[in-house]
Structures are given as C-alpha cells and as structure tokens.
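Colleague: Once you've had a glance at the structure underneath, I'll fire off some questions.
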Amino acid sequence: MLIVGERINTSRKVKGEPVIENAVASRDAAFIQKLAKDQVDAGATYVDLNCGTLREDEPESLEWLTKTVQSSVDAPLTFDSPNPVAVERALAAYDTGRGQPMINSITAESGRYEGILPLVQKYKTKVIALAMDDSGIQSDPEKRLTVARDLVKRLTDAGVPLDDIYVDPLTFPIGTGSDVGVAMLEIISDLMNEFPGVHTIAGISNVSHGMPARKILNQAMTILAMDRGMDAAIIDPMDRYLMALVAATEAILGRDEFSMNYITLSREGRFEGL
Ligand code: THG
C-alpha cells in the first residue's frame with residue numbers, strides 16, 4: 001500500500017500546534033522537517049506538500065518545502081498543487097535519487113490538463129488523476145467515472161504508463177449525503193476492473209469533514225476502499241491505529257505474503273498499546 005502523508009498542508013489548522021501556514025510563510029525549516037520525519041517514521045511512503053493557501057507565493061514556497069523536506073527525509077514527494085508553475089519549480093528542485101516524484105494532480109480541466117501533462121512527460125512522474133473536468137466536481141458518480149475513464153485513456157494515449165497513474169474518485173464528506181461513500185467505492189471497483197494495472201488513491205480524510213470522531217470514519221473508509229482494490233491513500237500516518245488497520249487489511253486481502261509485513265511491524269512494536 002502506498003501511503004501519502006497529508007500533514008504538510010497549509011490549509012490544516014490544528015489546535016495546540018503551530019499553524020502550518022505560518023511555519024511555511026516564516027520558513028520555519030525545523031518545524032516542517034519534523035512534520036516530514038514523523039510521517040516517514042510512522043510509515044508514510046510519500047510525503048505530500050501542499051501550500052496552496054499561500055497563493056502568489058506558492059511556487060517559491062513549494063520549492064522551499066521541497067528542498068527543506070528533502071534535507072530531512074529520503075522519501076519521495078507528492079506535489080499537491082493545480083498550478084503548473086509551482087509544480088515545475090518543485091520538480092526542478094527535486095532530487096530524483098529519492099525515487100519517482102508524484103504530481104497531485106492532473107484533471108480534465110482544459111488549462112490544467114495541458115499545463116500538467118508536459119511535466120508528467122518531461123520529469124517521468126507518477127500522477128494523480130482527479131475525476132474533474134470543466135464542469136467542476138460532479139456529485140453524480142456515473143459522471144465522475146466517465147471523467148476518470150477519459151483521463152486514463154488520454155494519459156495512456158499520451159504515453160504515460162498505466163503503472164504511473166493513480167486515479168482519485170474524489171472523496172465527498174459523508175455529511176453531504178448518505179450515499180457518497182457507496183458511490184466512491186463503486187467508482188474504485190469499476191476502475192480497478194476496467195483498467196488492470198492502474199492504481200486508485202483517495203484523500204480519505206475528506207470523508208469525515210464536519211463530523212465528530214473523524215478518525216473512526218477515516219479508518220472505516222480506508223478499509224472498505226482497500227477491499228475494492230484501492231492501493232494508495234492520502235492519509236494521516238500519525239494515526240497509529242489506522243496504520244495498523246492498513247497492515248492487517250493487506251494481510252487479510254492477500255496482499256502481504258505470509259503476513260510478513262504485518263509480523264515485522266508487530267515485532268517493531270508498532271501495534272503496542274492498540
Ligand atoms: N485528493 C487528492 N489530494 C488531496 C485531497 C484529495 N489533497 C488535499 C486533501 N484532499 C488531502 N489532505 C488532507 C489534509 C488534511 C485534512 C484533510 C485532507 C484534514 N485535516 C484536519 C483539519 O484540517 O481539520 C486536521 C486533522 C489532523 O491532522 O489532526 O481534514 O481528496 N488527490
């Protein structure tokens with residue numbers, strides 16, 4: 001399971017912690033490096049960088065985040081921005097020795113598709129394909145599936161390997177309708193059946209937006225989506241219980257030979273106290 005750690009996001013506002021936006025704006029390298037290291041130590045395979053709230057300072061800030069995070073962890077990075085200028089600055093500063101970078105994300109919106117595709121090709125990145133086009137975010141799951149399908153076809157026609165494409169069905173808050181969870185699971189199943197070899201990913205934490213006890217909803221959504229074939233997730237790896245459930249689910253779904261990863265994590269003490 002590919003785990004993208006979501007905590008370096010300037011729109012995250014957590015009580016009791018210095019606000020991430022301020023840390024980025026004031027170039028507080030130590031604070032950001034700790035956020036990165038804690039996530040990687042907790043099991044994140046990629047670290048997401050999102051400083052979209054900084055608007056016109058986004059390109060420079062994303063470049064700074066890239067250099068700052070690379071100097072503290074070896075993990076590859078995910079550049080979470082719709083802005084090709086910001087993404088290219090980050091890619092140019094990225095050390096490819098860390099592994100293949102990932103762009104988060106491309107959509108079927110006209111400006112964005114044309115802006116991001118050349119970067120995917122030039123830097124040979126992995127890319128998250130968000131099921132969104134010029135008509136915006138569609139609440140109808142059939143429409144989102146159609147947009148996702150078209151994106152996979154256009155990207156593969158453009159020479160992007162299927163194995164580099166991570167389709168994101170878009171995670172709606174469960175508070176917006178009791179059927180949005182089921183709809184998302186259906187999109188994941190359909191895509192995994194239709195395009196063997198493609199990947200699916202989701203920003204799971206959105207499902208619990210506005211709800212109490214968010215972690216529990218995030219945990220349930222992650223497991224259910226994994227059952228439908230989702231093989232990557234943008235989550236908070238600092239939730240130890242969620243990370244333990246991911247490992248257990250992989251073992252049960254036959255994605256962890258002889259449960260070796262599960263056993264190793266247990267030996268490392270990762271499940272202590274759970
Ligand atoms: N798909 C893709 N990328 C994405 C998203 C997606 N990037 C952004 C977002 N959605 C995923 N990242 C987050 C990060 C934080 C939160 C939700 C999604 C979040 N955080 C709590 C808050 O701000 O209130 C804080 C919780 C905590 O960390 O303690 O809700 O869908 N491709």
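Ordered as shown in the structure tokens, chains take letters A, B, and onward, while each chain numbers its residues from 1 and ligands are numbered from 1 in the order shown.
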Would you list, as a PyMOL selection string, the residues of region 53-259 of chain A that end up in helix (DSSP H, G or I) under DSSP run on this structure's backbone?
Modeller: chain A and resi 53-70+84-93+96-98+110-123+141-157+162-164+174-176+180-194+204-208+214-227+240-252+257-259
Colleague: Residues of region 22-132 of chain A classed as strand (DSSP E or B) by DSSP on the backbone are to be reported as a ChimeraX atom specification.
Modeller: /A:46-50,77-80,102-106,126-130
Colleague: Please identify all protein, DNA and RNA residues within 8 Å of ligand 1, counting only C-alpha atoms and all ligand atoms, and report them as a compact mmCIF listing (two decimals) with C-alpha atoms, in the first residue's frame.
Modeller:
# COMPACT_ATOMS: atom_id res chain seq x y z
CA GLU A 6 -1.02 14.52 4.28
CA ARG A 7 0.17 16.61 7.22
CA ILE A 8 2.25 19.23 5.35
CA ASN A 9 -0.74 21.21 4.10
CA SER A 11 -4.86 24.62 4.97
CA ARG A 12 -4.56 22.30 8.00
CA LYS A 13 -5.33 24.15 11.19
CA VAL A 14 -4.79 22.07 14.31
CA ASP A 48 2.58 15.35 0.26
CA ASN A 50 0.53 21.49 -0.21
CA ASP A 80 -0.13 18.88 -4.29
CA ASN A 104 -1.07 15.75 -7.26
CA SER A 105 -2.84 16.28 -9.57
CA ILE A 128 -2.83 11.52 -9.58
CA ALA A 129 -5.76 11.88 -12.00
CA LEU A 130 -8.67 13.65 -10.30
CA ASP A 168 -8.73 9.66 -7.48
CA LEU A 170 -12.89 12.31 -5.19
CA THR A 171 -13.87 11.77 -1.57
CA ILE A 201 -5.93 6.66 -4.47
CA ALA A 202 -8.14 8.88 -2.33
CA GLY A 203 -7.87 11.80 0.08
CA ILE A 204 -9.62 9.71 2.71
CA SER A 205 -9.78 12.37 5.44
CA ASN A 206 -12.31 14.35 3.40
CA SER A 208 -15.09 12.81 7.85
CA HIS A 209 -15.08 16.55 7.27
CA ILE A 234 -3.59 10.14 1.21
CA ILE A 235 -3.97 9.87 4.97
CA ASP A 236 -2.56 10.93 8.32
Colleague: So which one's closest to Asp95 (chain A), A:Gly254, A:Pro76, A:Pro173, A:Pro212? Using only C-alpha atoms, please.
Modeller: A:Pro76
Colleague: So which one's closest to Leu253 (chain A), A:Arg228, A:Arg214, A:Arg270, A:Lys124? Using only C-alpha atoms, please.
Modeller: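 With only C-alpha atoms as the atom set, the closest residue is A:Arg228.
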Colleague: Between A:Leu265, A:Val207, A:Ile137, A:Leu119, which is the closest to Val182 (chain A) once you count only C-alpha atoms?
Modeller: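 Of A:Leu265, A:Val207, A:Ile137, A:Leu119, the one nearest Val182 (chain A), counting only C-alpha atoms, is A:Val207.
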Colleague: Hey, what's within 12 Å of Val167 (chain A) if we count only C-alpha atoms and toss same-chain stuff fewer than 2 positions away? As number ranges by chain, please?
Modeller: A: 103-107, 126-132, 144-145, 147-153, 155, 162-165, 169-171, 184, 187-192, 195, 197-203, 229-233
Colleague: Which region 86-164 of chain A residues have any atom within 10 Å of an atom of region 54-63 of chain A, and for each, what is the nearest pair of atoms with distance in Å to one decimal, counting only C-alpha atoms, rows sorted by chain and number, as CSV?
Modeller:
residue,atom,partner,partner_atom,distance
A:Ala86,CA,A:Pro59,CA,3.8
A:Val87,CA,A:Pro59,CA,7.2
A:Glu88,CA,A:Pro59,CA,8.4
A:Arg89,CA,A:Glu63,CA,5.7
A:Ala90,CA,A:Glu63,CA,4.5
A:Leu91,CA,A:Glu63,CA,8.1
A:Ala92,CA,A:Glu63,CA,8.4
A:Ala93,CA,A:Glu63,CA,6.4
A:Tyr94,CA,A:Glu63,CA,8.4
Colleague: What is the CA of Lys15 (chain A) to CA of Val246 (chain A) distance in Å?
Modeller: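 Atom-to-atom, CA of Lys15 (chain A) and CA of Val246 (chain A) are spaced 26.7 Å apart.
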Colleague: Just checking: using only C-alpha atoms, which residue out of A:Ala244, A:Ala251, A:Leu117, A:Ala108 ends up closest to Ser266 (chain A)?
Modeller: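 Checking each of A:Ala244, A:Ala251, A:Leu117, A:Ala108 against Ser266 (chain A), counting only C-alpha atoms, the winner is A:Ala244.
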